[in-house]
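Coordinates as given in input-v7.txt (compact mmCIF, C-alpha atoms):
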```
# COMPACT_ATOMS: atom_id res chain seq x y z
CA MET A 891 70.09 266.68 91.62
CA ILE A 892 71.60 270.16 91.49
CA PHE A 893 69.97 271.19 88.24
CA GLU A 894 66.45 269.88 89.00
CA GLN A 895 63.79 272.58 88.68
CA MET A 896 66.49 275.03 87.58
CA PRO A 897 65.48 277.57 84.89
CA LEU A 898 67.07 277.14 81.47
CA ALA A 899 68.88 280.47 81.78
CA TYR A 900 70.72 279.20 84.85
CA ILE A 901 71.58 275.89 83.21
CA MET A 902 73.04 277.75 80.24
CA TYR A 903 74.93 279.99 82.63
CA PHE A 904 76.53 277.04 84.41
CA MET A 905 77.57 275.60 81.04
CA LEU A 906 79.22 278.92 80.17
CA TYR A 907 80.74 279.05 83.65
CA GLY A 908 82.22 275.58 83.22
CA GLY A 909 83.58 276.52 79.80
CA VAL A 910 85.37 279.56 81.20
CA THR A 911 86.79 277.42 84.01
CA LEU A 912 88.11 274.89 81.51
CA VAL A 913 89.60 277.56 79.22
CA SER A 914 91.32 279.19 82.21
CA ILE A 915 93.14 276.03 83.23
CA ILE A 916 94.02 275.17 79.62
CA GLY A 917 95.52 278.62 79.13
CA CYS A 918 97.41 278.30 82.41
CA LEU A 919 98.88 274.90 81.50
CA TYR A 920 99.72 276.04 77.98
CA LEU A 921 101.77 279.02 79.18
CA LEU A 922 103.28 277.04 82.02
CA PHE A 923 104.60 274.07 80.07
CA ARG A 924 105.05 275.24 76.50
CA GLU A 925 108.42 276.71 75.59
CA GLY A 926 108.23 279.56 73.11
CA ASN A 927 105.19 280.85 71.25
CA ALA A 928 102.83 278.90 69.05
CA PHE A 929 101.43 281.83 67.08
CA ALA A 930 104.40 284.22 66.92
CA SER A 931 107.52 282.08 66.88
CA ASP A 932 109.68 285.05 65.83
CA VAL A 933 108.88 286.94 69.04
CA THR A 934 111.00 286.62 72.17
CA PRO A 935 108.42 286.99 74.96
CA SER A 936 108.74 288.56 78.38
CA VAL A 937 109.24 285.72 80.85
CA ARG A 938 107.93 287.73 83.80
CA LEU A 939 104.78 288.71 81.94
CA ARG A 940 104.23 285.08 81.01
CA ARG A 941 104.50 284.04 84.66
CA TRP A 942 102.06 286.70 85.85
CA VAL A 943 99.51 285.73 83.23
CA VAL A 944 99.92 282.12 84.35
CA ALA A 945 99.19 283.29 87.91
CA PHE A 946 96.13 285.22 86.73
CA PHE A 947 94.76 282.21 84.82
CA ALA A 948 95.37 279.98 87.85
CA VAL A 949 93.56 282.42 90.15
CA SER A 950 90.67 282.66 87.68
CA PHE A 951 90.40 278.86 87.56
CA LEU A 952 90.51 278.47 91.35
CA SER A 953 87.99 281.28 91.81
CA HIS A 954 85.54 279.55 89.49
CA VAL A 955 86.06 276.24 91.30
CA TRP A 956 85.54 277.47 94.86
CA TRP A 957 82.50 279.58 93.96
CA PHE A 958 80.93 276.59 92.19
CA LEU A 959 81.58 274.39 95.21
CA PHE A 960 80.15 277.05 97.50
CA PHE A 961 76.86 277.55 95.62
CA ALA A 962 76.30 274.15 94.02
CA LEU A 963 77.62 271.56 96.45
CA SER A 964 77.38 273.17 99.87
CA HIS A 965 74.08 273.45 101.73
CA ASP A 966 75.72 275.79 104.22
CA THR A 967 75.63 279.28 102.72
CA SER A 968 76.47 281.00 105.98
CA PRO A 969 77.64 284.63 105.86
CA ALA A 970 81.00 283.60 107.32
CA LYS A 971 81.78 281.25 104.45
CA TYR A 972 80.53 283.76 101.88
CA VAL A 973 82.73 286.50 103.33
CA ALA A 974 85.73 284.16 103.50
CA ILE A 975 85.44 283.25 99.81
CA THR A 976 84.81 286.87 98.83
CA VAL A 977 87.96 288.00 100.63
CA LEU A 978 89.92 285.10 99.16
CA ASP A 979 88.72 286.15 95.70
CA THR A 980 89.77 289.75 96.28
CA VAL A 981 93.23 289.15 97.74
CA THR A 982 94.16 286.72 94.94
CA LEU A 983 92.49 288.37 91.95
CA PHE A 984 93.62 291.98 92.35
CA PRO A 985 97.36 291.26 92.89
CA ALA A 986 97.33 288.92 89.88
CA VAL A 987 95.64 291.56 87.73
CA ALA A 988 97.95 294.33 88.98
CA GLY A 989 101.05 292.20 88.39
CA THR A 990 99.90 291.36 84.86
CA LEU A 991 99.24 295.02 84.07
CA ILE A 992 102.53 296.27 85.50
CA TYR A 993 104.73 293.65 83.87
CA MET A 994 102.97 294.19 80.58
CA LEU A 995 104.70 297.58 80.73
CA GLN A 996 107.98 295.68 81.23
CA ASP A 997 109.09 298.12 83.89
CA TYR A 998 110.77 295.95 86.50
CA LYS A 999 111.35 298.92 88.77
CA ARG A 1000 107.66 299.16 89.62
CA PRO A 1001 107.13 297.19 92.86
CA ILE A 1002 104.25 294.77 93.37
CA TRP A 1003 104.34 294.73 97.16
CA PRO A 1004 102.12 297.87 97.59
CA VAL A 1005 99.26 295.88 96.06
CA TYR A 1006 99.60 293.18 98.70
CA VAL A 1007 99.78 295.81 101.43
CA ALA A 1008 96.62 297.41 100.05
CA MET A 1009 94.84 294.07 100.42
CA LEU A 1010 95.50 293.85 104.17
CA PRO A 1011 92.52 296.08 105.14
CA SER A 1012 90.30 293.83 103.02
CA VAL A 1013 91.48 290.80 104.98
CA LEU A 1014 90.94 292.64 108.27
CA LEU A 1015 87.43 293.73 107.33
CA GLY A 1016 86.61 290.20 106.23
CA ALA A 1017 87.83 288.77 109.54
CA ILE A 1018 85.71 291.28 111.50
CA GLN A 1019 82.67 290.39 109.40
CA MET A 1020 83.14 286.65 110.05
CA LEU A 1021 83.48 287.23 113.81
CA ASN A 1022 80.54 289.64 113.92
CA PRO A 1023 78.08 288.59 111.20
CA GLU A 1024 75.44 291.01 112.45
CA ASP A 1025 77.64 294.00 111.58
CA ASN A 1026 77.53 295.16 107.97
CA TYR A 1027 81.24 295.25 107.33
CA MET A 1028 80.70 293.96 103.78
CA LEU A 1029 79.51 297.42 102.77
CA ILE A 1030 82.76 298.93 104.02
CA GLU A 1031 84.64 296.13 102.27
CA SER A 1032 82.86 296.88 98.99
CA VAL A 1033 83.61 300.60 99.24
CA TYR A 1034 87.25 299.88 99.99
CA VAL A 1035 87.70 297.47 97.09
CA LEU A 1036 85.93 299.87 94.74
CA SER A 1037 88.26 302.67 95.86
CA PHE A 1038 91.25 300.43 95.26
CA TYR A 1039 89.93 299.64 91.79
CA VAL A 1040 89.56 303.33 90.93
CA LEU A 1041 93.09 304.09 92.16
CA LEU A 1042 94.48 301.15 90.16
CA VAL A 1043 92.73 302.36 87.00
CA VAL A 1044 94.01 305.93 87.44
CA TYR A 1045 97.53 304.66 88.15
CA MET A 1046 97.52 302.43 85.06
CA LEU A 1047 96.27 305.24 82.83
CA PHE A 1048 99.28 307.34 83.78
CA ALA A 1049 101.62 304.34 83.55
CA VAL A 1050 100.40 303.37 80.07
CA LYS A 1051 100.77 306.97 78.89
CA GLN A 1052 104.33 307.03 80.23
CA TYR A 1053 105.04 303.68 78.57
CA GLY A 1054 103.71 305.02 75.25
CA ARG A 1055 106.05 307.99 75.41
CA TRP A 1056 108.96 305.68 76.14
CA LEU A 1057 108.09 303.51 73.14
CA ARG A 1058 108.02 306.48 70.78
CA ASP A 1059 111.33 307.69 72.14
CA ASN A 1060 113.07 304.35 71.65
CA TYR A 1061 111.39 302.33 68.89
CA ALA A 1062 110.63 303.15 65.26
CA ASP A 1063 108.29 300.20 64.74
CA LEU A 1064 105.54 300.15 67.38
CA GLU A 1065 103.71 297.11 66.05
CA ARG A 1066 102.95 294.62 68.83
CA LYS A 1067 104.63 296.87 71.40
CA GLU A 1068 101.72 299.08 72.45
CA VAL A 1069 99.55 297.66 75.22
CA TRP A 1070 96.77 300.18 75.79
CA LYS A 1071 94.13 297.98 74.12
CA THR A 1072 94.95 295.13 76.48
CA GLN A 1073 94.87 297.48 79.44
CA VAL A 1074 91.38 298.63 78.37
CA ALA A 1075 90.25 294.99 78.20
CA VAL A 1076 91.53 294.31 81.72
CA ILE A 1077 89.93 297.48 83.09
CA VAL A 1078 86.56 296.66 81.50
CA SER A 1079 86.70 293.14 82.92
CA LEU A 1080 87.48 294.50 86.38
CA LEU A 1081 84.60 296.96 86.06
CA VAL A 1082 82.16 294.15 85.24
CA PHE A 1083 83.54 292.20 88.21
CA ILE A 1084 82.84 295.16 90.49
CA PHE A 1085 79.29 295.51 89.13
CA TYR A 1086 78.72 291.81 89.72
CA TRP A 1087 80.00 292.10 93.26
CA ILE A 1088 77.60 294.97 93.95
CA ASP A 1089 74.58 293.43 92.21
CA ASN A 1090 75.09 289.77 91.27
CA ASN A 1091 72.09 289.29 88.99
CA ILE A 1092 72.05 286.72 86.18
CA THR A 1093 72.55 289.28 83.39
CA ILE A 1094 75.73 290.69 84.90
CA ALA A 1095 76.82 287.14 85.69
CA TYR A 1096 76.58 286.24 81.99
CA LEU A 1097 78.45 289.42 81.07
CA LEU A 1098 81.17 288.62 83.61
CA GLN A 1099 81.83 285.19 82.10
CA ILE A 1100 81.85 286.55 78.55
CA THR A 1101 84.35 289.26 79.50
CA ASN A 1102 86.43 286.57 81.24
CA LEU A 1103 86.65 284.66 77.95
CA TRP A 1104 87.54 287.86 76.12
CA LEU A 1105 90.21 288.67 78.68
CA ILE A 1106 91.74 285.19 78.52
CA ALA A 1107 91.93 285.40 74.73
CA ILE A 1108 93.50 288.86 74.64
CA LEU A 1109 96.03 288.03 77.37
CA LEU A 1110 97.10 284.89 75.52
CA TRP A 1111 97.50 286.95 72.35
CA ARG A 1112 99.47 289.61 74.23
CA VAL A 1113 101.85 287.13 75.85
CA GLU A 1114 102.43 285.53 72.45
CA THR A 1115 103.07 288.75 70.53
CA LEU A 1116 104.57 291.28 72.95
CA PRO A 1117 108.36 291.15 72.48
CA GLN A 1118 110.85 291.40 75.30
CA LEU A 1119 111.93 295.04 75.33
CA ASP A 1120 114.65 296.88 77.20
CA ALA A 1121 114.20 296.55 80.94
CA ALA A 1122 115.16 300.14 81.77
CA ILE A 1123 111.98 301.95 80.79
CA HIS A 1124 112.34 304.92 83.11
CA THR A 1125 115.71 306.64 83.30
CA PRO A 1126 116.53 308.86 86.30
CA LEU A 1127 117.06 312.52 85.45
CA ALA A 1128 120.78 312.49 86.30
CA ALA A 1129 121.34 309.46 84.10
CA ALA A 1130 119.31 311.00 81.29
CA ASN A 1131 121.53 314.06 81.42
CA GLY A 1132 124.72 312.04 81.15
CA LYS A 1133 127.00 310.55 83.77
CA ASP A 1134 127.88 313.95 85.19
CA GLY A 1135 124.26 315.13 85.28
CA LYS A 1136 124.81 317.71 82.53
CA VAL A 1137 122.57 318.19 79.54
CA ALA A 1138 124.14 317.81 76.11
CA GLY A 1139 124.98 321.25 74.64
CA MET A 1140 124.46 322.76 71.20
CA GLU A 1141 127.93 321.65 70.10
CA THR A 1142 127.07 318.05 70.93
CA PHE A 1143 123.74 318.40 69.11
CA ALA A 1144 125.53 319.66 66.00
CA GLN A 1145 127.88 316.67 66.17
CA ILE A 1146 124.94 314.28 66.55
CA GLU A 1147 123.19 315.85 63.56
CA ARG A 1148 126.32 315.35 61.46
CA LEU A 1149 126.72 311.75 62.65
CA LEU A 1150 123.09 310.98 61.83
CA ALA A 1151 123.53 312.38 58.32
CA GLU A 1152 126.72 310.37 57.79
CA HIS A 1153 125.59 307.06 59.25
CA CYS A 1154 121.81 306.81 59.53
CA VAL A 1155 120.85 308.72 56.38
CA ALA A 1156 123.79 308.05 54.06
CA ARG A 1157 124.07 304.37 55.04
CA GLN A 1158 120.27 304.00 55.21
CA LEU A 1159 120.27 302.44 58.66
CA TYR A 1160 116.62 303.46 58.96
CA LEU A 1161 115.73 300.59 56.61
CA GLN A 1162 116.66 298.07 59.30
CA HIS A 1163 113.60 296.41 60.83
CA ASP A 1164 113.03 297.09 64.54
CA LEU A 1165 115.92 299.55 64.75
CA THR A 1166 116.01 300.93 68.30
CA LEU A 1167 117.34 304.19 69.67
CA ALA A 1168 120.12 302.32 71.49
CA GLN A 1169 121.17 300.50 68.32
CA LEU A 1170 121.24 303.72 66.31
CA ALA A 1171 123.27 305.50 69.00
CA GLN A 1172 125.83 302.70 68.95
CA ALA A 1173 125.96 302.72 65.16
CA VAL A 1174 126.59 306.47 64.91
CA GLY A 1175 129.00 306.47 67.84
CA THR A 1176 127.15 308.61 70.36
CA ASN A 1177 125.42 308.25 73.71
CA ARG A 1178 121.87 306.89 73.67
CA LEU A 1179 120.74 309.49 76.18
CA TYR A 1180 122.33 312.35 74.25
CA LEU A 1181 120.62 311.09 71.11
CA SER A 1182 117.29 311.07 72.92
CA GLN A 1183 117.94 314.63 74.10
CA TYR A 1184 118.78 315.64 70.53
CA PHE A 1185 115.36 314.52 69.29
CA SER A 1186 113.63 316.18 72.24
CA GLY A 1187 115.52 319.40 71.54
CA LYS A 1188 114.22 319.30 67.97
CA GLY A 1189 110.67 318.90 69.25
CA ASN A 1190 110.68 315.43 67.75
CA THR A 1191 110.81 311.78 68.77
CA TYR A 1192 112.99 308.95 67.58
CA ASN A 1193 109.91 307.21 66.23
CA THR A 1194 108.94 310.22 64.10
CA TYR A 1195 112.51 310.77 62.88
CA ILE A 1196 112.92 307.20 61.59
CA ASN A 1197 109.42 307.05 60.10
CA ASP A 1198 109.95 310.33 58.24
CA LEU A 1199 113.09 308.87 56.63
CA ARG A 1200 111.25 305.66 55.77
CA ILE A 1201 108.28 307.45 54.23
CA ASP A 1202 110.62 309.64 52.16
CA HIS A 1203 112.37 306.46 51.02
CA PHE A 1204 109.01 304.92 50.08
CA VAL A 1205 108.11 308.02 48.04
CA GLY A 1206 111.42 307.74 46.21
CA LEU A 1207 110.88 304.04 45.45
CA PHE A 1208 107.34 304.72 44.27
CA ARG A 1209 108.43 307.48 41.90
CA GLU A 1210 111.26 305.38 40.51
CA ALA A 1211 108.95 302.41 39.91
CA THR A 1212 106.24 304.50 38.23
CA ALA A 1213 108.76 306.40 36.11
CA ALA A 1214 110.31 303.12 34.91
CA ARG A 1215 106.83 301.53 34.66
CA ARG A 1216 107.98 298.59 36.73
CA PRO A 1217 105.32 296.41 38.39
CA PHE A 1218 105.21 296.73 42.18
CA THR A 1219 103.00 296.25 45.22
CA LEU A 1220 102.60 298.70 48.07
CA GLN A 1221 103.38 295.92 50.52
CA GLN A 1222 106.73 295.26 48.85
CA LEU A 1223 107.64 298.96 48.71
CA ALA A 1224 106.70 299.31 52.39
CA SER A 1225 108.90 296.33 53.29
CA ASP A 1226 111.77 297.76 51.23
CA SER A 1227 111.33 301.01 53.16
CA GLY A 1228 111.98 299.35 56.52
CA TYR A 1229 108.48 298.30 57.60
CA ARG A 1230 107.80 294.80 58.83
CA SER A 1231 104.05 295.40 58.78
CA TYR A 1232 101.99 297.14 56.13
CA SER A 1233 99.49 298.34 58.72
CA THR A 1234 102.29 300.07 60.61
CA PHE A 1235 103.49 301.66 57.38
CA SER A 1236 99.97 302.80 56.50
CA LEU A 1237 99.54 304.53 59.85
CA ALA A 1238 102.98 306.16 59.67
CA PHE A 1239 102.28 307.33 56.12
CA ARG A 1240 99.00 308.96 57.12
CA GLN A 1241 100.68 310.73 60.05
CA ARG A 1242 103.52 311.96 57.82
CA MET A 1243 101.55 312.93 54.70
CA GLY A 1244 98.15 313.78 56.18
CA GLN A 1245 96.33 311.33 53.91
CA SER A 1246 96.14 307.63 53.13
CA VAL A 1247 98.56 305.94 50.76
CA LYS A 1248 95.89 305.35 48.11
CA ALA A 1249 94.65 308.94 48.30
CA TRP A 1250 98.23 310.16 47.90
CA MET A 1251 98.73 307.88 44.90
CA ARG A 1252 95.57 309.21 43.24
CA ASN A 1253 96.78 312.76 43.73
CA MET A 1254 100.19 311.82 42.30
CA SER A 1255 98.57 310.33 39.19
CA ILE A 1256 96.57 313.52 38.57
CA GLN A 1257 99.67 315.73 38.69
```

The structure given in the file should be rewritten as structure tokens.
Amino acid sequence: MIFEQMPLAYIMYFMLYGGVTLVSIIGCLYLLFREGNAFASDVTPSVRLRRWVVAFFAVSFLSHVWWFLFFALSHDTSPAKYVAITVLDTVTLFPAVAGTLIYMLQDYKRPIWPVYVAMLPSVLLGAIQMLNPEDNYMLIESVYVLSFYVLLVVYMLFAVKQYGRWLRDNYADLERKEVWKTQVAVIVSLLVFIFYWIDNNITIAYLLQITNLWLIAILLWRVETLPQLDAAIHTPLAAANGKDGKVAGMETFAQIERLLAEHCVARQLYLQHDLTLAQLAQAVGTNRLYLSQYFSGKGNTYNTYINDLRIDHFVGLFREATAARRPFTLQQLASDSGYRSYSTFSLAFRQRMGQSVKAWMRNMSIQ
């Protein structure tokens, strides 16, 4: 029997290992065959992100299966087979992770093929190690994969920062749109995987499986809740400056300011949930790129502009309700001010007023 004379810690580990394997395939099949979202039915998900997460779950499942077969069922633990499975793990896992990270940013202009090209040296080093087992090519392989991991992390840090700027320039409600927490989860999981590859002791093995479960859960949540956003995240400079490559002038800015006052402020368009920069530009009759330049010229962002109007509207509603002594809830006032989520409103209020809503209310009652 496989588990005869095996310490309890290892038996518990294999139970955890099997659980992660099962959860991986369940998550894969769920995303593959279910249409729509179970937990956020109002969200239109990114199809490409869904497919890449399916690929990642499938790779995770297969990785668990072939490593279990290698250690538990095979009596031949030759270096050649170990190297072959290690290389197979690397060339399937890293592209799946990279694809998931990139398409979470919903920037379809970022190519995936450089990741596959970067895996070619890993395959070559693995082949050399299998042909010449006496040579320690695995050390070179480990250094190369670690270097690739570091470059991927650095690249994603810059990409996520760029994505965050794009969100704030185009969306007033950032709830469910920011992805940095998920990126941190993926990076931590990759880091644990690297540690396990370098020193595969039982403690790190446990930690690796636990982080796998955490990663599966957070990716499922992200696929369910991240809405499909505009595909064109990064606009070339010439396009951003208008069709002729010119920047909008002061006269255009003055016109935009007047249009915003007439349409966005007077008609209270800012109360519309999930109002985007493109929608506002169409409503006021101007160019989306000129409107973006207008906010940049004011040292502002679209996100800040809309939230300032919403917070001012909330303050007005609060004062009216308290003056008339009408019963109200903060959640209802926040919703009437254009916020779908109270947590989003609370954060925007703190950024605008420099204090929490309740602290502001206490100060208002003292005055």

Within 12 Å of (113.4, 300.6, 71.0) (file coordinates; all atoms listed in the file), which protein or nucleic acid residues are there? I'd like them as an MDAnalysis selection string. chainID A and resid 1053:1065 1067:1068 1117:1123 1163:1171 1178 1182 1191:1193 1196

For a cut-off of 12 Å around (85.1, 298.5, 106.8), file coordinates, pick out all residues using all atoms listed in the file and list them as a short mmCIF file (atom, residue, chain, number, x, y, z; two decimals) with C-alpha atoms, in the frame of the given file.
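Result file out12.cif:
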```cif
data_model
loop_
_atom_site.label_atom_id
_atom_site.label_comp_id
_atom_site.auth_asym_id
_atom_site.auth_seq_id
_atom_site.Cartn_x
_atom_site.Cartn_y
_atom_site.Cartn_z
CA LEU A 1010 95.50 293.85 104.17
CA PRO A 1011 92.52 296.08 105.14
CA SER A 1012 90.30 293.83 103.02
CA VAL A 1013 91.48 290.80 104.98
CA LEU A 1014 90.94 292.64 108.27
CA LEU A 1015 87.43 293.73 107.33
CA GLY A 1016 86.61 290.20 106.23
CA ALA A 1017 87.83 288.77 109.54
CA ILE A 1018 85.71 291.28 111.50
CA GLN A 1019 82.67 290.39 109.40
CA ASP A 1025 77.64 294.00 111.58
CA ASN A 1026 77.53 295.16 107.97
CA TYR A 1027 81.24 295.25 107.33
CA MET A 1028 80.70 293.96 103.78
CA LEU A 1029 79.51 297.42 102.77
CA ILE A 1030 82.76 298.93 104.02
CA GLU A 1031 84.64 296.13 102.27
CA SER A 1032 82.86 296.88 98.99
CA VAL A 1033 83.61 300.60 99.24
CA TYR A 1034 87.25 299.88 99.99
CA VAL A 1035 87.70 297.47 97.09
#
```

Distance criterion (only C-alpha atoms): nearest to Tyr907 (chain A) out of A:Phe1048, A:Phe929, A:Trp957, A:Phe947: A:Trp957

Provide the CA of Thr1072 (chain A) to CA of Lys999 (chain A) distance in Å, to one decimal place. 20.8 Å

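Among the candidates A:Ala1008, A:Leu1110, A:Ile1100, A:Leu991, the residue lying nearest to Ala930 (chain A) is A:Leu1110 (atoms considered: only C-alpha atoms).
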
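Going from CA of His1153 (chain A) to CA of Ala1173 (chain A) covers 7.3 Å.
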
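The closest residue to Thr934 (chain A), picked from A:Ala1214, A:Leu906, A:Glu1114, A:Trp1250 and counting all atoms listed in the file, is A:Glu1114.
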
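Across the structure, CA of Phe1143 (chain A) and CA of Gly1228 (chain A) are spaced 25.7 Å apart.
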
Taking all listed atoms of region 1001-1009 of chain A, build the axis-aligned box, pad each of the six sides by 5 Å, then write its centre and edge lengths in Å to one decimal as JSON.
```
{"center_x": 101.0, "center_y": 295.5, "center_z": 97.1, "size_x": 22.3, "size_y": 14.7, "size_z": 18.6}
```

Test item: residues at most 10 Å from Val987 (chain A), all atoms listed in the file, excluding those fewer than 2 positions along its chain, as a PyMOL selection string: chain A and resi 942-943+945-947+949+982-985+989-992+1042+1076-1077+1080

Selection above as a file: C-alpha atoms, as a short mmCIF file (atom, residue, chain, number, x, y, z; two decimals), in the coordinates of the input:
```cif
data_model
loop_
_atom_site.label_atom_id
_atom_site.label_comp_id
_atom_site.auth_asym_id
_atom_site.auth_seq_id
_atom_site.Cartn_x
_atom_site.Cartn_y
_atom_site.Cartn_z
CA TRP A 942 102.06 286.70 85.85
CA VAL A 943 99.51 285.73 83.23
CA ALA A 945 99.19 283.29 87.91
CA PHE A 946 96.13 285.22 86.73
CA PHE A 947 94.76 282.21 84.82
CA VAL A 949 93.56 282.42 90.15
CA THR A 982 94.16 286.72 94.94
CA LEU A 983 92.49 288.37 91.95
CA PHE A 984 93.62 291.98 92.35
CA PRO A 985 97.36 291.26 92.89
CA GLY A 989 101.05 292.20 88.39
CA THR A 990 99.90 291.36 84.86
CA LEU A 991 99.24 295.02 84.07
CA ILE A 992 102.53 296.27 85.50
CA LEU A 1042 94.48 301.15 90.16
CA VAL A 1076 91.53 294.31 81.72
CA ILE A 1077 89.93 297.48 83.09
CA LEU A 1080 87.48 294.50 86.38
#
```

Using all atoms listed in the file, determine which residues lie at most 9 Å from Phe1239 (chain A), disregarding the query and same-chain residues fewer than 5 positions distant; provide the list as a PyMOL selection string. chain A and resi 1197-1198+1201+1234+1244-1247

I need the residues from that last selection saved to file as a short mmCIF file (atom, residue, chain, number, x, y, z; two decimals), in the frame of the given file (with C-alpha atoms), if you can.
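Listing of out-v5.cif after writing:
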```
data_model
loop_
_atom_site.label_atom_id
_atom_site.label_comp_id
_atom_site.auth_asym_id
_atom_site.auth_seq_id
_atom_site.Cartn_x
_atom_site.Cartn_y
_atom_site.Cartn_z
CA ASN A 1197 109.42 307.05 60.10
CA ASP A 1198 109.95 310.33 58.24
CA ILE A 1201 108.28 307.45 54.23
CA THR A 1234 102.29 300.07 60.61
CA GLY A 1244 98.15 313.78 56.18
CA GLN A 1245 96.33 311.33 53.91
CA SER A 1246 96.14 307.63 53.13
CA VAL A 1247 98.56 305.94 50.76
#
```

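Candidate residues A:Ala1107, A:Arg1000, A:Leu952, A:Ser1186 were compared for distance to Leu978 (chain A), and the nearest is A:Leu952, using all atoms listed in the file.
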
Which polymer residues have any atom within 10 Å of an atom of Leu1199 (chain A), counting only C-alpha atoms, with same-chain residues fewer than 5 positions away left out, as an mmCIF file with C-alpha atoms, keeping the file's coordinate frame?
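Just written: result.cif:
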```
data_model
loop_
_atom_site.group_PDB
_atom_site.id
_atom_site.type_symbol
_atom_site.label_atom_id
_atom_site.label_comp_id
_atom_site.auth_asym_id
_atom_site.auth_seq_id
_atom_site.Cartn_x
_atom_site.Cartn_y
_atom_site.Cartn_z
ATOM 1 C CA CYS A 1154 121.810 306.810 59.530
ATOM 2 C CA VAL A 1155 120.850 308.720 56.380
ATOM 3 C CA GLN A 1158 120.270 304.000 55.210
ATOM 4 C CA LEU A 1159 120.270 302.440 58.660
ATOM 5 C CA TYR A 1160 116.620 303.460 58.960
ATOM 6 C CA LEU A 1161 115.730 300.590 56.610
ATOM 7 C CA THR A 1194 108.940 310.220 64.100
ATOM 8 C CA PHE A 1204 109.010 304.920 50.080
ATOM 9 C CA VAL A 1205 108.110 308.020 48.040
ATOM 10 C CA SER A 1227 111.330 301.010 53.160
ATOM 11 C CA GLY A 1228 111.980 299.350 56.520
#
```

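If you measure from each of A:Ile1092, A:Gln1172, A:Leu1179, A:Leu939 to Ala899 (chain A) using all atoms listed in the file, the closest one turns out to be A:Ile1092.
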